[in-house]
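Asker: Okay, here's the structure, questions in a sec.
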Amino acid sequence: MTAASRTSEAARTIARARSVLIMQVVLIGNAAIMLYPIVVMVFSGFRTTVEIFDTPFALPDFTYIDNYKRIFDESNIVAYFMNSFVVTGSAIALILILGLMAAYAVSRYQFRGATAIYLFFLAGLMLPLKLAIIPLFIQMGAFGLIDTRLGLVLIYVASGLPSAVFILTGFLRTLPSELEEAARIDGASEPRIMFSVMLPLVKPPLVIAAIHNAVPIWNDFFFPLVFIQTDSRKTLPQGLTTFMGEYTTDWGMLFAGLTLATIPITMIYIALSGQFIRGMTQGGLK
């Protein structure tokens with residue numbers, strides 16, 4: 001290797017190192033910006049309202065847990081948590097089951113109207129369900145589903161199915177048809193092929209669809225505000241508004257409640273992050 005080639009190689013190495021360093025600095029800065037509101041929220045849960053406004057950037061006294069005690073003593077937060085778990089869990093389960101069945105039919109079967117059905121689901125991504133809130137409220141009232149958790153579940157299923165079908169259809173179309181043909185030769189029925197052959201292969205996109213829908217459902221405030229009036233049936237985002245009065249707001253309790261509300265969905269995301277990243281990577285490679 002000549003001196004010129006060694007110099008050129010060293011220059012390229014230095015340029016790559018600079019690019020990596022710049023990228024890391026940008027990513028660290030972006031992470032700091034994203035984490036700053038979360039850190040403020042957690043720290044504020046250990047302060048009084050006066051301390052939040054007087055010393056917003058000081059480290060809190062982590063032994064001060066009166067806000068968390070008052071949440072459980074003065075509010076119905078346990079019921080709010082249970083309602084959110086029931087509504088979110090039921091909606092996600094139905095979205096994944098129905099979405100997988102619809103995506104499997106659209107992507108693996110050739111029949112007249114398959115494209116129209118797929119476009120019908122895609123239309124749900126372009127038309128927010130909130131635009132039809134008035135006729136939706138009238139329809140739910142006619143079915144007797146106002147102020148019920150079942151009504152919320154059905155609304156979330158309707159709003160989450162389009163994205164689930166879109167994600168799962170794109171992945172299922174990449175799988176080879178030989179898998180189904182071999183299973184049919186062995187005498188497997190169509191439901192057996194879908195649940196025993198295809199289901200293990202689509203776990204990563206199922207996780208993507210679950211996280212994509214679970215986060216907005218867990219955090220949703222609009223639909224519970226419109227359809228739920230009874231305090232014992234309120235979900236967590238709606239229930240946290242009890243800490244906000246007409247003239248004053250107990251910010252310490254509110255931030256403590258928000259901290260508790262973020263823990264379940266954060267733990268679920270951490271537990272499923274491996275499958276989530278694997279699904280994103282497989283989708284990109286395919």
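Order determines the names: the first chain of the structure tokens is A, the second B, and so forth; residues in each chain are numbered 1 upward, and ligands are numbered 1 upward as they are shown.
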Name the residues in contact with A:Met194 at a cut-off of 12 Å, using only C-alpha atoms, excluding same-chain residues fewer than 3 positions from it; report them as a ChimeraX atom specification.
Answerer: /A:97,100-105,107-109,172,179-180,183-184,188-191,197-202
Asker: Might you pull out every residue within 12 Å of A:Gly99, with only C-alpha atoms counted and same-chain residues fewer than 2 positions away left off, and present them as a PyMOL selection string?
Answerer: chain A and resi 91-97+101-107+118+121+157-169+172+202+205-206+209-210+213
Asker: As an mmCIF file with N, CA and C atoms, in the first residue's frame, please: all residues of stretch 12-160 of chain A that backbone DSSP puts in alpha helix (DSSP H).
Answerer:
data_model
loop_
_atom_site.group_PDB
_atom_site.id
_atom_site.type_symbol
_atom_site.label_atom_id
_atom_site.label_comp_id
_atom_site.auth_asym_id
_atom_site.auth_seq_id
_atom_site.Cartn_x
_atom_site.Cartn_y
_atom_site.Cartn_z
ATOM 1 N N ARG A 12 -10.650 8.775 5.099
ATOM 2 C CA ARG A 12 -12.007 8.200 5.083
ATOM 3 C C ARG A 12 -12.398 7.697 6.472
ATOM 4 N N THR A 13 -11.449 7.097 7.184
ATOM 5 C CA THR A 13 -11.733 6.619 8.541
ATOM 6 C C THR A 13 -12.101 7.780 9.466
ATOM 7 N N ILE A 14 -11.344 8.877 9.358
ATOM 8 C CA ILE A 14 -11.638 10.055 10.182
ATOM 9 C C ILE A 14 -13.003 10.633 9.835
ATOM 10 N N ALA A 15 -13.336 10.668 8.533
ATOM 11 C CA ALA A 15 -14.634 11.193 8.103
ATOM 12 C C ALA A 15 -15.769 10.335 8.644
ATOM 13 N N ARG A 16 -15.600 8.988 8.604
ATOM 14 C CA ARG A 16 -16.641 8.100 9.141
ATOM 15 C C ARG A 16 -16.790 8.295 10.646
ATOM 16 N N ALA A 17 -15.649 8.456 11.335
ATOM 17 C CA ALA A 17 -15.712 8.657 12.784
ATOM 18 C C ALA A 17 -16.431 9.957 13.123
ATOM 19 N N ARG A 18 -16.182 11.003 12.343
ATOM 20 C CA ARG A 18 -16.873 12.272 12.568
ATOM 21 C C ARG A 18 -18.370 12.137 12.327
ATOM 22 N N SER A 19 -18.737 11.399 11.274
ATOM 23 C CA SER A 19 -20.158 11.209 10.970
ATOM 24 C C SER A 19 -20.854 10.455 12.091
ATOM 25 N N VAL A 20 -20.173 9.417 12.596
ATOM 26 C CA VAL A 20 -20.753 8.646 13.701
ATOM 27 C C VAL A 20 -20.883 9.515 14.945
ATOM 28 N N LEU A 21 -19.865 10.331 15.222
ATOM 29 C CA LEU A 21 -19.901 11.202 16.391
ATOM 30 C C LEU A 21 -21.035 12.214 16.285
ATOM 31 N N ILE A 22 -21.200 12.818 15.115
ATOM 32 C CA ILE A 22 -22.277 13.793 14.916
ATOM 33 C C ILE A 22 -23.641 13.125 15.090
ATOM 34 N N MET A 23 -23.782 11.918 14.531
ATOM 35 C CA MET A 23 -25.052 11.203 14.662
ATOM 36 C C MET A 23 -25.354 10.885 16.118
ATOM 37 N N GLN A 24 -24.335 10.459 16.857
ATOM 38 C CA GLN A 24 -24.544 10.143 18.269
ATOM 39 C C GLN A 24 -24.925 11.389 19.065
ATOM 40 N N VAL A 25 -24.282 12.515 18.768
ATOM 41 C CA VAL A 25 -24.622 13.757 19.466
ATOM 42 C C VAL A 25 -26.070 14.154 19.178
ATOM 43 N N VAL A 26 -26.491 14.021 17.908
ATOM 44 C CA VAL A 26 -27.869 14.361 17.543
ATOM 45 C C VAL A 26 -28.855 13.437 18.253
ATOM 46 N N LEU A 27 -28.551 12.134 18.298
ATOM 47 C CA LEU A 27 -29.447 11.181 18.955
ATOM 48 C C LEU A 27 -29.507 11.420 20.457
ATOM 49 N N ILE A 28 -28.371 11.726 21.066
ATOM 50 C CA ILE A 28 -28.377 12.017 22.496
ATOM 51 C C ILE A 28 -29.190 13.279 22.784
ATOM 52 N N GLY A 29 -29.008 14.303 21.942
ATOM 53 C CA GLY A 29 -29.800 15.519 22.117
ATOM 54 C C GLY A 29 -31.282 15.274 21.951
ATOM 55 N N ASN A 30 -31.644 14.469 20.960
ATOM 56 C CA ASN A 30 -33.055 14.149 20.761
ATOM 57 C C ASN A 30 -33.609 13.363 21.939
ATOM 58 N N ALA A 31 -32.817 12.411 22.474
ATOM 59 C CA ALA A 31 -33.267 11.648 23.638
ATOM 60 C C ALA A 31 -33.468 12.554 24.841
ATOM 61 N N ALA A 32 -32.554 13.530 25.017
ATOM 62 C CA ALA A 32 -32.690 14.463 26.140
ATOM 63 C C ALA A 32 -33.962 15.296 26.013
ATOM 64 N N ILE A 33 -34.262 15.739 24.795
ATOM 65 C CA ILE A 33 -35.479 16.533 24.577
ATOM 66 C C ILE A 33 -36.724 15.697 24.852
ATOM 67 N N MET A 34 -36.704 14.425 24.420
ATOM 68 C CA MET A 34 -37.859 13.554 24.634
ATOM 69 C C MET A 34 -38.045 13.197 26.103
ATOM 70 N N LEU A 35 -36.933 13.011 26.831
ATOM 71 C CA LEU A 35 -37.021 12.561 28.218
ATOM 72 C C LEU A 35 -37.262 13.700 29.200
ATOM 73 N N TYR A 36 -36.956 14.925 28.798
ATOM 74 C CA TYR A 36 -37.086 16.057 29.733
ATOM 75 C C TYR A 36 -38.504 16.192 30.299
ATOM 76 N N PRO A 37 -39.566 16.186 29.484
ATOM 77 C CA PRO A 37 -40.920 16.301 30.074
ATOM 78 C C PRO A 37 -41.250 15.149 31.010
ATOM 79 N N ILE A 38 -40.750 13.948 30.712
ATOM 80 C CA ILE A 38 -41.027 12.799 31.578
ATOM 81 C C ILE A 38 -40.339 12.977 32.928
ATOM 82 N N VAL A 39 -39.093 13.448 32.902
ATOM 83 C CA VAL A 39 -38.362 13.675 34.149
ATOM 84 C C VAL A 39 -39.062 14.744 34.989
ATOM 85 N N VAL A 40 -39.498 15.822 34.342
ATOM 86 C CA VAL A 40 -40.217 16.882 35.056
ATOM 87 C C VAL A 40 -41.495 16.336 35.678
ATOM 88 N N MET A 41 -42.215 15.490 34.934
ATOM 89 C CA MET A 41 -43.457 14.905 35.443
ATOM 90 C C MET A 41 -43.185 14.049 36.681
ATOM 91 N N VAL A 42 -42.164 13.182 36.605
ATOM 92 C CA VAL A 42 -41.853 12.302 37.731
ATOM 93 C C VAL A 42 -41.403 13.111 38.939
ATOM 94 N N PHE A 43 -40.518 14.083 38.726
ATOM 95 C CA PHE A 43 -40.038 14.902 39.842
ATOM 96 C C PHE A 43 -41.166 15.700 40.476
ATOM 97 N N SER A 44 -42.084 16.207 39.661
ATOM 98 C CA SER A 44 -43.169 17.032 40.188
ATOM 99 C C SER A 44 -44.129 16.224 41.049
ATOM 100 N N THR A 49 -47.693 21.735 45.222
ATOM 101 C CA THR A 49 -47.985 22.679 44.141
ATOM 102 C C THR A 49 -47.142 23.945 44.274
ATOM 103 N N VAL A 50 -46.941 24.410 45.507
ATOM 104 C CA VAL A 50 -46.131 25.608 45.726
ATOM 105 C C VAL A 50 -44.691 25.365 45.284
ATOM 106 N N GLU A 51 -44.131 24.218 45.621
ATOM 107 C CA GLU A 51 -42.751 23.910 45.247
ATOM 108 C C GLU A 51 -42.587 23.784 43.742
ATOM 109 N N ILE A 52 -43.614 23.282 43.064
ATOM 110 C CA ILE A 52 -43.537 23.136 41.610
ATOM 111 C C ILE A 52 -43.333 24.484 40.937
ATOM 112 N N PHE A 53 -43.996 25.516 41.451
ATOM 113 C CA PHE A 53 -43.888 26.838 40.837
ATOM 114 C C PHE A 53 -42.708 27.647 41.393
ATOM 115 N N ASP A 54 -42.335 27.397 42.665
ATOM 116 C CA ASP A 54 -41.237 28.168 43.254
ATOM 117 C C ASP A 54 -39.872 27.646 42.825
ATOM 118 N N ASP A 66 -46.724 12.127 49.892
ATOM 119 C CA ASP A 66 -48.100 12.468 50.271
ATOM 120 C C ASP A 66 -49.027 12.532 49.059
ATOM 121 N N ASN A 67 -48.488 12.974 47.915
ATOM 122 C CA ASN A 67 -49.323 13.046 46.716
ATOM 123 C C ASN A 67 -49.848 11.669 46.335
ATOM 124 N N TYR A 68 -48.992 10.660 46.411
ATOM 125 C CA TYR A 68 -49.411 9.304 46.049
ATOM 126 C C TYR A 68 -50.383 8.739 47.078
ATOM 127 N N LYS A 69 -50.168 9.042 48.346
ATOM 128 C CA LYS A 69 -51.115 8.585 49.365
ATOM 129 C C LYS A 69 -52.486 9.217 49.155
ATOM 130 N N ARG A 70 -52.494 10.521 48.868
ATOM 131 C CA ARG A 70 -53.765 11.219 48.684
ATOM 132 C C ARG A 70 -54.504 10.726 47.439
ATOM 133 N N ILE A 71 -53.751 10.318 46.411
ATOM 134 C CA ILE A 71 -54.407 9.798 45.209
ATOM 135 C C ILE A 71 -55.272 8.590 45.553
ATOM 136 N N PHE A 72 -54.713 7.676 46.348
ATOM 137 C CA PHE A 72 -55.459 6.460 46.684
ATOM 138 C C PHE A 72 -56.521 6.725 47.757
ATOM 139 N N ASP A 73 -56.311 7.750 48.576
ATOM 140 C CA ASP A 73 -57.277 8.035 49.645
ATOM 141 C C ASP A 73 -58.435 8.912 49.167
ATOM 142 N N GLU A 74 -58.154 9.855 48.254
ATOM 143 C CA GLU A 74 -59.147 10.866 47.888
ATOM 144 C C GLU A 74 -59.743 10.687 46.499
ATOM 145 N N ILE A 77 -58.926 5.969 41.991
ATOM 146 C CA ILE A 77 -57.928 5.668 40.968
ATOM 147 C C ILE A 77 -57.823 4.171 40.688
ATOM 148 N N VAL A 78 -58.091 3.326 41.672
ATOM 149 C CA VAL A 78 -58.037 1.879 41.429
ATOM 150 C C VAL A 78 -59.087 1.472 40.399
ATOM 151 N N ALA A 79 -60.290 2.026 40.527
ATOM 152 C CA ALA A 79 -61.339 1.741 39.540
ATOM 153 C C ALA A 79 -60.967 2.306 38.177
ATOM 154 N N TYR A 80 -60.334 3.486 38.152
ATOM 155 C CA TYR A 80 -59.908 4.062 36.875
ATOM 156 C C TYR A 80 -58.888 3.155 36.191
ATOM 157 N N PHE A 81 -57.949 2.638 36.974
ATOM 158 C CA PHE A 81 -56.953 1.720 36.425
ATOM 159 C C PHE A 81 -57.623 0.466 35.870
ATOM 160 N N MET A 82 -58.536 -0.116 36.632
ATOM 161 C CA MET A 82 -59.192 -1.342 36.190
ATOM 162 C C MET A 82 -59.995 -1.094 34.921
ATOM 163 N N ASN A 83 -60.691 0.023 34.851
ATOM 164 C CA ASN A 83 -61.461 0.340 33.642
ATOM 165 C C ASN A 83 -60.546 0.495 32.436
ATOM 166 N N SER A 84 -59.414 1.170 32.621
ATOM 167 C CA SER A 84 -58.478 1.337 31.504
ATOM 168 C C SER A 84 -57.908 -0.009 31.068
ATOM 169 N N PHE A 85 -57.569 -0.866 32.028
ATOM 170 C CA PHE A 85 -57.046 -2.187 31.680
ATOM 171 C C PHE A 85 -58.081 -3.006 30.919
ATOM 172 N N VAL A 86 -59.318 -2.991 31.404
ATOM 173 C CA VAL A 86 -60.370 -3.782 30.760
ATOM 174 C C VAL A 86 -60.656 -3.265 29.351
ATOM 175 N N VAL A 87 -60.813 -1.956 29.228
ATOM 176 C CA VAL A 87 -61.148 -1.375 27.924
ATOM 177 C C VAL A 87 -59.995 -1.557 26.943
ATOM 178 N N THR A 88 -58.776 -1.226 27.361
ATOM 179 C CA THR A 88 -57.626 -1.337 26.458
ATOM 180 C C THR A 88 -57.342 -2.789 26.106
ATOM 181 N N GLY A 89 -57.333 -3.671 27.097
ATOM 182 C CA GLY A 89 -57.058 -5.084 26.831
ATOM 183 C C GLY A 89 -58.087 -5.716 25.921
ATOM 184 N N SER A 90 -59.369 -5.450 26.171
ATOM 185 C CA SER A 90 -60.428 -6.030 25.335
ATOM 186 C C SER A 90 -60.356 -5.487 23.913
ATOM 187 N N ALA A 91 -60.127 -4.181 23.784
ATOM 188 C CA ALA A 91 -60.064 -3.584 22.454
ATOM 189 C C ALA A 91 -58.870 -4.125 21.660
ATOM 190 N N ILE A 92 -57.711 -4.231 22.297
ATOM 191 C CA ILE A 92 -56.526 -4.727 21.593
ATOM 192 C C ILE A 92 -56.712 -6.184 21.186
ATOM 193 N N ALA A 93 -57.286 -6.996 22.075
ATOM 194 C CA ALA A 93 -57.511 -8.403 21.737
ATOM 195 C C ALA A 93 -58.431 -8.532 20.518
ATOM 196 N N LEU A 94 -59.523 -7.782 20.491
ATOM 197 C CA LEU A 94 -60.439 -7.841 19.351
ATOM 198 C C LEU A 94 -59.803 -7.271 18.086
ATOM 199 N N ILE A 95 -59.026 -6.202 18.226
ATOM 200 C CA ILE A 95 -58.363 -5.613 17.055
ATOM 201 C C ILE A 95 -57.400 -6.613 16.423
ATOM 202 N N LEU A 96 -56.625 -7.308 17.250
ATOM 203 C CA LEU A 96 -55.646 -8.247 16.710
ATOM 204 C C LEU A 96 -56.326 -9.473 16.093
ATOM 205 N N ILE A 97 -57.348 -9.994 16.759
ATOM 206 C CA ILE A 97 -58.027 -11.188 16.230
ATOM 207 C C ILE A 97 -58.757 -10.859 14.932
ATOM 208 N N LEU A 98 -59.584 -9.829 14.951
ATOM 209 C CA LEU A 98 -60.338 -9.464 13.754
ATOM 210 C C LEU A 98 -59.421 -8.930 12.663
ATOM 211 N N GLY A 99 -58.400 -8.162 13.048
ATOM 212 C CA GLY A 99 -57.462 -7.635 12.063
ATOM 213 C C GLY A 99 -56.682 -8.732 11.380
ATOM 214 N N LEU A 100 -56.252 -9.745 12.151
ATOM 215 C CA LEU A 100 -55.524 -10.868 11.548
ATOM 216 C C LEU A 100 -56.408 -11.644 10.585
ATOM 217 N N MET A 101 -57.650 -11.889 10.964
ATOM 218 C CA MET A 101 -58.563 -12.624 10.088
ATOM 219 C C MET A 101 -58.840 -11.860 8.800
ATOM 220 N N ALA A 102 -59.083 -10.545 8.931
ATOM 221 C CA ALA A 102 -59.351 -9.734 7.739
ATOM 222 C C ALA A 102 -58.115 -9.628 6.856
ATOM 223 N N ALA A 103 -56.942 -9.402 7.467
ATOM 224 C CA ALA A 103 -55.712 -9.285 6.688
ATOM 225 C C ALA A 103 -55.362 -10.601 5.998
ATOM 226 N N TYR A 104 -55.610 -11.715 6.669
ATOM 227 C CA TYR A 104 -55.316 -13.019 6.072
ATOM 228 C C TYR A 104 -56.214 -13.259 4.858
ATOM 229 N N ALA A 105 -57.488 -12.917 4.991
ATOM 230 C CA ALA A 105 -58.415 -13.119 3.870
ATOM 231 C C ALA A 105 -58.054 -12.231 2.689
ATOM 232 N N VAL A 106 -57.712 -10.987 2.951
ATOM 233 C CA VAL A 106 -57.417 -10.045 1.872
ATOM 234 C C VAL A 106 -56.089 -10.359 1.190
ATOM 235 N N SER A 107 -55.110 -10.791 1.965
ATOM 236 C CA SER A 107 -53.762 -10.967 1.421
ATOM 237 C C SER A 107 -53.506 -12.356 0.843
ATOM 238 N N ARG A 108 -54.193 -13.378 1.331
ATOM 239 C CA ARG A 108 -53.863 -14.755 0.919
ATOM 240 C C ARG A 108 -54.897 -15.393 -0.002
ATOM 241 N N ALA A 114 -61.702 -8.257 -3.183
ATOM 242 C CA ALA A 114 -60.644 -8.224 -2.171
ATOM 243 C C ALA A 114 -59.984 -6.853 -2.105
ATOM 244 N N THR A 115 -59.709 -6.278 -3.261
ATOM 245 C CA THR A 115 -59.088 -4.952 -3.297
ATOM 246 C C THR A 115 -60.018 -3.893 -2.724
ATOM 247 N N ALA A 116 -61.321 -4.004 -3.039
ATOM 248 C CA ALA A 116 -62.291 -3.035 -2.515
ATOM 249 C C ALA A 116 -62.376 -3.119 -0.994
ATOM 250 N N ILE A 117 -62.338 -4.318 -0.451
ATOM 251 C CA ILE A 117 -62.384 -4.479 1.005
ATOM 252 C C ILE A 117 -61.137 -3.876 1.646
ATOM 253 N N TYR A 118 -59.984 -4.120 1.017
ATOM 254 C CA TYR A 118 -58.745 -3.569 1.547
ATOM 255 C C TYR A 118 -58.767 -2.040 1.517
ATOM 256 N N LEU A 119 -59.259 -1.471 0.424
ATOM 257 C CA LEU A 119 -59.359 -0.015 0.328
ATOM 258 C C LEU A 119 -60.367 0.540 1.330
ATOM 259 N N PHE A 120 -61.398 -0.237 1.627
ATOM 260 C CA PHE A 120 -62.378 0.179 2.632
ATOM 261 C C PHE A 120 -61.707 0.334 3.997
ATOM 262 N N PHE A 121 -60.842 -0.623 4.344
ATOM 263 C CA PHE A 121 -60.113 -0.509 5.604
ATOM 264 C C PHE A 121 -59.137 0.666 5.568
ATOM 265 N N LEU A 122 -58.469 0.845 4.430
ATOM 266 C CA LEU A 122 -57.530 1.965 4.330
ATOM 267 C C LEU A 122 -58.236 3.309 4.470
ATOM 268 N N ALA A 123 -59.489 3.370 4.032
ATOM 269 C CA ALA A 123 -60.239 4.620 4.182
ATOM 270 C C ALA A 123 -60.391 5.005 5.642
ATOM 271 N N GLY A 124 -60.405 3.995 6.525
ATOM 272 C CA GLY A 124 -60.499 4.286 7.951
ATOM 273 C C GLY A 124 -59.282 5.003 8.494
ATOM 274 N N LEU A 125 -58.132 4.876 7.801
ATOM 275 C CA LEU A 125 -56.938 5.602 8.215
ATOM 276 C C LEU A 125 -57.013 7.073 7.841
ATOM 277 N N MET A 126 -57.804 7.382 6.842
ATOM 278 C CA MET A 126 -57.870 8.756 6.344
ATOM 279 C C MET A 126 -59.023 9.551 6.947
ATOM 280 N N ILE A 133 -68.683 12.106 15.408
ATOM 281 C CA ILE A 133 -69.032 11.925 16.817
ATOM 282 C C ILE A 133 -70.523 12.093 17.075
ATOM 283 N N ILE A 134 -71.195 12.998 16.354
ATOM 284 C CA ILE A 134 -72.628 13.215 16.600
ATOM 285 C C ILE A 134 -73.459 12.016 16.148
ATOM 286 N N PRO A 135 -73.347 11.565 14.880
ATOM 287 C CA PRO A 135 -74.105 10.352 14.525
ATOM 288 C C PRO A 135 -73.668 9.129 15.317
ATOM 289 N N LEU A 136 -72.385 9.067 15.701
ATOM 290 C CA LEU A 136 -71.924 7.947 16.516
ATOM 291 C C LEU A 136 -72.590 7.964 17.883
ATOM 292 N N PHE A 137 -72.732 9.135 18.466
ATOM 293 C CA PHE A 137 -73.391 9.242 19.768
ATOM 294 C C PHE A 137 -74.856 8.832 19.660
ATOM 295 N N ILE A 138 -75.511 9.240 18.590
ATOM 296 C CA ILE A 138 -76.924 8.864 18.390
ATOM 297 C C ILE A 138 -77.055 7.351 18.222
ATOM 298 N N GLN A 139 -76.153 6.770 17.446
ATOM 299 C CA GLN A 139 -76.205 5.323 17.220
ATOM 300 C C GLN A 139 -75.918 4.543 18.494
ATOM 301 N N MET A 140 -74.919 4.966 19.263
ATOM 302 C CA MET A 140 -74.612 4.276 20.515
ATOM 303 C C MET A 140 -75.764 4.413 21.506
ATOM 304 N N GLY A 141 -76.440 5.572 21.486
ATOM 305 C CA GLY A 141 -77.600 5.735 22.349
ATOM 306 C C GLY A 141 -78.737 4.814 21.958
ATOM 307 N N ALA A 142 -78.935 4.601 20.646
ATOM 308 C CA ALA A 142 -79.982 3.695 20.179
ATOM 309 C C ALA A 142 -79.695 2.257 20.596
ATOM 310 N N ARG A 149 -68.653 0.417 29.323
ATOM 311 C CA ARG A 149 -67.307 0.095 28.844
ATOM 312 C C ARG A 149 -67.358 -0.642 27.509
ATOM 313 N N LEU A 150 -68.422 -1.414 27.280
ATOM 314 C CA LEU A 150 -68.562 -2.101 26.009
ATOM 315 C C LEU A 150 -68.639 -1.117 24.851
ATOM 316 N N GLY A 151 -69.334 -0.011 25.055
ATOM 317 C CA GLY A 151 -69.412 1.000 24.010
ATOM 318 C C GLY A 151 -68.042 1.548 23.660
ATOM 319 N N LEU A 152 -67.212 1.830 24.675
ATOM 320 C CA LEU A 152 -65.853 2.309 24.408
ATOM 321 C C LEU A 152 -65.034 1.266 23.654
ATOM 322 N N VAL A 153 -65.164 0.007 24.049
ATOM 323 C CA VAL A 153 -64.405 -1.059 23.386
ATOM 324 C C VAL A 153 -64.759 -1.122 21.908
ATOM 325 N N LEU A 154 -66.056 -1.084 21.596
ATOM 326 C CA LEU A 154 -66.474 -1.156 20.191
ATOM 327 C C LEU A 154 -65.965 0.036 19.391
ATOM 328 N N ILE A 155 -65.968 1.212 19.998
ATOM 329 C CA ILE A 155 -65.460 2.398 19.303
ATOM 330 C C ILE A 155 -63.972 2.255 19.014
ATOM 331 N N TYR A 156 -63.207 1.786 19.993
ATOM 332 C CA TYR A 156 -61.764 1.632 19.802
ATOM 333 C C TYR A 156 -61.444 0.526 18.796
ATOM 334 N N VAL A 157 -62.238 -0.522 18.786
ATOM 335 C CA VAL A 157 -62.031 -1.577 17.795
ATOM 336 C C VAL A 157 -62.261 -1.036 16.389
ATOM 337 N N ALA A 158 -63.322 -0.260 16.213
ATOM 338 C CA ALA A 158 -63.611 0.314 14.900
ATOM 339 C C ALA A 158 -62.508 1.269 14.447
ATOM 340 N N SER A 159 -61.948 2.031 15.383
ATOM 341 C CA SER A 159 -60.904 2.983 15.007
ATOM 342 C C SER A 159 -59.537 2.330 14.847
ATOM 343 N N GLY A 160 -59.318 1.174 15.478
ATOM 344 C CA GLY A 160 -58.009 0.521 15.412
ATOM 345 C C GLY A 160 -57.873 -0.536 14.339
#
Asker: Distance atom CA of A:Arg233-atom CA of A:Ala261, one decimal place?
Answerer: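 Interatomic distance here is 16.3 Å.
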Asker: Please list as a PyMOL selection string every residue within 8 Å of A:Gly257, counting only C-alpha atoms and excluding residues in the same chain fewer than 2 positions away.
Answerer: chain A and resi 45+68+71+240+253-255+259-261
Asker: Within 10 Å of A:Ile268, counting only C-alpha atoms, which residues qualify if same-chain residues fewer than 4 places away don't, as a compact mmCIF listing (two decimals) with N, CA and C atoms, in the first residue's frame?
Answerer:
# COMPACT_ATOMS: atom_id res chain seq x y z
N ILE A 211 -48.96 -2.30 19.89
CA ILE A 211 -48.41 -1.09 20.50
C ILE A 211 -48.96 0.15 19.81
N ALA A 214 -52.46 0.38 21.30
CA ALA A 214 -52.61 0.38 22.75
C ALA A 214 -52.29 1.75 23.35
N ILE A 263 -46.76 4.15 33.86
CA ILE A 263 -45.97 2.96 34.20
C ILE A 263 -46.44 1.72 33.45
N PRO A 264 -47.74 1.37 33.43
CA PRO A 264 -48.13 0.11 32.77
C PRO A 264 -47.77 0.06 31.29
N LEU A 272 -42.07 -5.79 25.25
CA LEU A 272 -42.30 -6.20 23.86
C LEU A 272 -41.37 -5.48 22.88
N SER A 273 -40.40 -4.74 23.39
CA SER A 273 -39.55 -3.94 22.50
C SER A 273 -38.74 -4.82 21.54
